[in-house]
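First comes the structure, then the notes that go with it.
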Amino acid sequence: MTFQELLAEIGTVNALIVDDEETIRNMLEIALDSWGIETDSCETAEEGLLKIQRGNYQLLISDIHMDGRDGTWLLQEVIKLEQPPMVFMITGMGTMKMAVHTLTNGAYDFLTKPIDLNLLQQKIKSALEMIEMVNQRKRYLQRIEEIAISERWRAQQLFLSGIDALIRALEAKDEYTEGHSTRVAIITEGIASAMNLPPKEITEFVSAARCHDIGKIGVPDSILLKAGQLTKEEFEQIQAHPAESARILTPIFKEMPGVIEAVHHHHERFDGNGYPSGLKGHQIPLGARIIAIADAYDAMTSNRVYRKARSSKVAIEDIIACSGKQFCPNVVKGFLSFYEAVPNLTFSNNIWQNRRKDSRYQLRRSLIVRFKDRDPIKASTIDLSASGMHIEILGQVSSGEEAVVRLDGHPPQRAEVRWYREIQDAAGTPFGELGLELLQPDRDYLNFVEAVSKMKTEKRGNKRIDRIIPVNVISKNEVYKQNISNLGYNGAFIQSKTPLHVDSELRILFTLPDKSGTEIEAIAHVVHRTTLQQAINRKGGIPGMGIKFSHILGDGREKLKQFIDVERNSLTHDKDGEIVIIH
């Protein structure tokens with residue numbers, strides 16, 4: 001490799017020349033500049049050390065004999081740095097003893113005056129080759145680490161996908177507990193946020209809440225679904241599930257012990273009368289204390305095979321009464337703060353949501369909403385069905401208010417607000433989400449919904465595959481590790497607890513899980529989103545965002561099409577299963 005090719009491979013190379021003779025400094029600067037090396041110079045060792053400490057120099061060429069501190073002092077100070085430059089020592093009074101001394105004390109090479117520029121260039125080339133060899137090794141090790149991290153992430157996500165499938169299978173056994181783990185995760189996140197805990201802890205506690213009952217997968221249905229009182233032996237099997245949950249989750253969360261601890265101890269009591277370890281007070285991990293309240297609240301406000309659901313008011317009163325006994329008082333305060341912020345906390349008992357049996361279709365469409373004695377409000381749909389709409393508005397309304405809604409190009413429809421929630425976007429701007437029940441939807445609107453259903457089927461029916469693929473999502477220079485769960489030619493659905501807002505631009509990076517291992521990099525924007533709370537109110541809903549690819553770099557689009565075609569050809573498809581329906 002020539003000198004110039006080597007420089008091109010490394011990139012910018014900076015050199016510092018330290019010599020008290022101006023003619024020497026000028027000569028070396030001219031020579032190094034002509035070779036393509038960025039140069040700087042000074043005349044004292046002290047100034048040279050300051051420049052090296054503040055700058056980024058790959059090469060240092062220093063005279064030994066100078067006024068004040070000499071070059072050997074500079075060499076001793078430079079080699080103490082975390083990333084020292086390659087040092088060349090020069091002198092007009094060179095001896096073998098001096099050369100050996102500098103080389104054994106950290107110098108790369110030694111030259112005598114007058115300087116042979118051809119020899120200097122050869123020695124610099126040798127030094128740059130060593131720098132490039134070190135850089136290659138660093139890049140190789142970094143790549144190995146990136147691959148290891150990627151594989152650990154992939155394994156973790158695939159494992160969690162399996163856990164999620166097990167949780168759904170577990171909850172599907174009992175219609176009364178369906179969605180329980182997701183609701184507990186949402187309440188856990190709300191309590192932890194109200195307590196102002198660090199984001200890392202909140203993430204761990206939410207993960208624990210999502211998986212807290214996985215150990216019940218080994219409990220017989222005859223016990224789980226028993227309507228009468230459990231025997232002592234049956235109750236002991238139920239009591240074993242926290243430890244079993246922890247055992248199942250330990251291999252994947254071994255680097256997140258907070259998850260395992262929270263799962264293992266979520267049935268401990270603050271007074272020490274809980275299980276499995278009888279921990280008391282603050283001996284109980286904080287995550288377990290939080291999940292205990294979230295778990296209890298959702299259990300009390302849900303119908304169970306052995307009893308009817310209690311009202312939210314009664315459940316709150318019970319939790320307050322048990323503060324200091326069953327529950328941690330500080331966590332109770334956090335729960336009450338969350339409850340005040342989210343008054344519609346009884347997700348599973350919203351009557352209108354339970355009535356909402358029609359298939360719902362995600363669709364972004366502008367509309368005007370008119371309430372009595374108010375100016376018209378501009379809004380947009382999030383999803384809709386034959387019987388109602390889920391919309392976003394800029395303004396506040398109350399449950400029970402009647403309204404007239406007009407979609408662009410369609411006759412007005414009478415509606416009633418069934419629920420309302422005020423939230424904020426990423427910039428802190430407040431806006432509202434609400435559910436509207438249409439009181440007497442006309443034929444025009446019903447035809448429109450039918451057309452939307454066909455449009456969704458035709459648009460996505462033959463171009464998507466259902467695969468879990470790890471993906472890096474980059475937005476505003478922040479990187480989020482997520483999962484793709486539905487991948488198509490022109491877009492994807494990305495699972496996310498905190499989906500970006502519609503029209504947000506993002507960059508995604510993922511590797512096709514086939515033999516090619518092609519890396520796909522694309523610019524995309526969000527076309528629809530499902531928040532955690534929205535997912536809770538939809539049977540089988542998954543929080544996340546649908547994205548559309550604006551641009552796929554290189555030959556990524558062709559590689560993506562080939563991958564999807566191969567995957568689809570290897571599967572048997574159910575046409576109805578390809579419709580984008582949210583129940």
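Each chain of the structure tokens is named A, B, ... in the order shown, its residues numbered from 1; ligands are numbered from 1 in display order.
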Which residues come within 10 Å of Ile223 of chain A, counting only C-alpha atoms, excluding same-chain residues fewer than 4 positions away, as a VMD selection string? chain A and resid 219 227 to 231 234 to 235 237 to 238
My list of candidates is A:Phe431, A:Phe510, A:Trp73, A:Phe270. Which is closest to Ala379 of chain A when distances are computed with only C-alpha atoms?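 Closest to Ala379 of chain A, using only C-alpha atoms: A:Phe431.
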Close residues, segment 432-434 of chain A itself excluded, 9 Å, only C-alpha atoms, min 2 positions apart in chain, as an mmCIF file with C-alpha atoms, in the first residue's frame:
```
data_model
loop_
_atom_site.group_PDB
_atom_site.id
_atom_site.type_symbol
_atom_site.label_atom_id
_atom_site.label_comp_id
_atom_site.auth_asym_id
_atom_site.auth_seq_id
_atom_site.Cartn_x
_atom_site.Cartn_y
_atom_site.Cartn_z
ATOM 1 C CA MET A 389 -64.814 6.094 16.530
ATOM 2 C CA HIS A 390 -61.636 6.639 18.501
ATOM 3 C CA ILE A 391 -60.415 10.195 17.831
ATOM 4 C CA GLU A 392 -57.904 12.864 18.892
ATOM 5 C CA ILE A 393 -58.966 16.469 19.527
ATOM 6 C CA LEU A 394 -57.499 19.724 20.787
ATOM 7 C CA GLY A 395 -59.871 20.473 23.647
ATOM 8 C CA GLN A 396 -61.589 19.028 26.708
ATOM 9 C CA VAL A 397 -64.892 17.167 26.842
ATOM 10 C CA SER A 399 -68.167 11.525 29.187
ATOM 11 C CA VAL A 417 -68.770 10.562 24.269
ATOM 12 C CA ARG A 418 -68.215 7.278 26.139
ATOM 13 C CA TRP A 419 -64.771 8.085 27.566
ATOM 14 C CA TYR A 420 -62.247 10.895 27.487
ATOM 15 C CA ARG A 421 -58.584 11.073 28.450
ATOM 16 C CA GLU A 422 -56.223 14.059 28.402
ATOM 17 C CA ILE A 423 -52.634 13.254 27.415
ATOM 18 C CA GLN A 424 -49.555 15.096 26.143
ATOM 19 C CA PRO A 430 -51.907 18.636 25.863
ATOM 20 C CA LEU A 436 -67.466 8.140 20.442
#
```
Calculated over only C-alpha atoms, which of the candidates A:Arg183, A:Ala288, A:Pro276, A:Glu236 has the smallest distance to Ala208 of chain A?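 So, comparing all the options, the nearest one is A:Ala288.
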May I have the residues within 6 Å of segment 515-528 of chain A as a PDB file with C-alpha atoms, in the first residue's frame, using only C-alpha atoms and disregarding those fewer than 2 positions away in the same chain?
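Saved the output as result-v7.pdb:
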```pdb
ATOM      1  CA  VAL A 502     -48.361  10.169  13.494  1.00  0.00           C
ATOM      2  CA  ASP A 503     -46.193  11.785  10.781  1.00  0.00           C
ATOM      3  CA  SER A 504     -43.035  11.571  12.951  1.00  0.00           C
ATOM      4  CA  GLU A 505     -39.963  10.778  10.852  1.00  0.00           C
ATOM      5  CA  LEU A 506     -37.545   8.079  11.956  1.00  0.00           C
ATOM      6  CA  ARG A 507     -34.708   5.896  10.711  1.00  0.00           C
ATOM      7  CA  ILE A 508     -34.755   2.139  11.220  1.00  0.00           C
ATOM      8  CA  LEU A 509     -32.004  -0.465  10.989  1.00  0.00           C
ATOM      9  CA  PHE A 510     -32.565  -4.220  11.039  1.00  0.00           C
ATOM     10  CA  THR A 511     -31.069  -7.414   9.670  1.00  0.00           C
ATOM     11  CA  LEU A 512     -33.097  -9.836   7.566  1.00  0.00           C
ATOM     12  CA  MET A 545     -46.783   2.093  15.527  1.00  0.00           C
ATOM     13  CA  GLY A 546     -47.343   1.424  11.880  1.00  0.00           C
ATOM     14  CA  ILE A 547     -44.648   2.935   9.678  1.00  0.00           C
ATOM     15  CA  LYS A 548     -44.331   3.537   5.958  1.00  0.00           C
ATOM     16  CA  PHE A 549     -40.924   3.462   4.273  1.00  0.00           C
ATOM     17  CA  SER A 550     -40.104   6.773   2.587  1.00  0.00           C
ATOM     18  CA  HIS A 551     -36.709   5.619   1.350  1.00  0.00           C
ATOM     19  CA  ILE A 552     -34.750   2.354   1.622  1.00  0.00           C
ATOM     20  CA  LEU A 553     -31.009   2.708   1.139  1.00  0.00           C
ATOM     21  CA  GLY A 556     -32.394  -2.916   0.434  1.00  0.00           C
TER      22      GLY A 556
END
```
Could you please write out, as a PyMOL selection string, every residue of segment 215-459 of chain A that DSSP assigns to alpha helix (DSSP H)? chain A and resi 221-224+232-239+241-249+257-264+286-300+312-321+329-341+351-355+443-459
Selected residue, from A:Met66, A:Leu117, A:Leu49, A:Val87, that lies nearest to Leu32 of chain A when counting only C-alpha atoms: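 With only C-alpha atoms as the atom set, the closest residue is A:Leu117.
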Just to confirm, what's the straight-line distance from atom CA of Lys216 of chain A to atom CA of Ala315 of chain A in Å (one decimal)? 24.2 Å
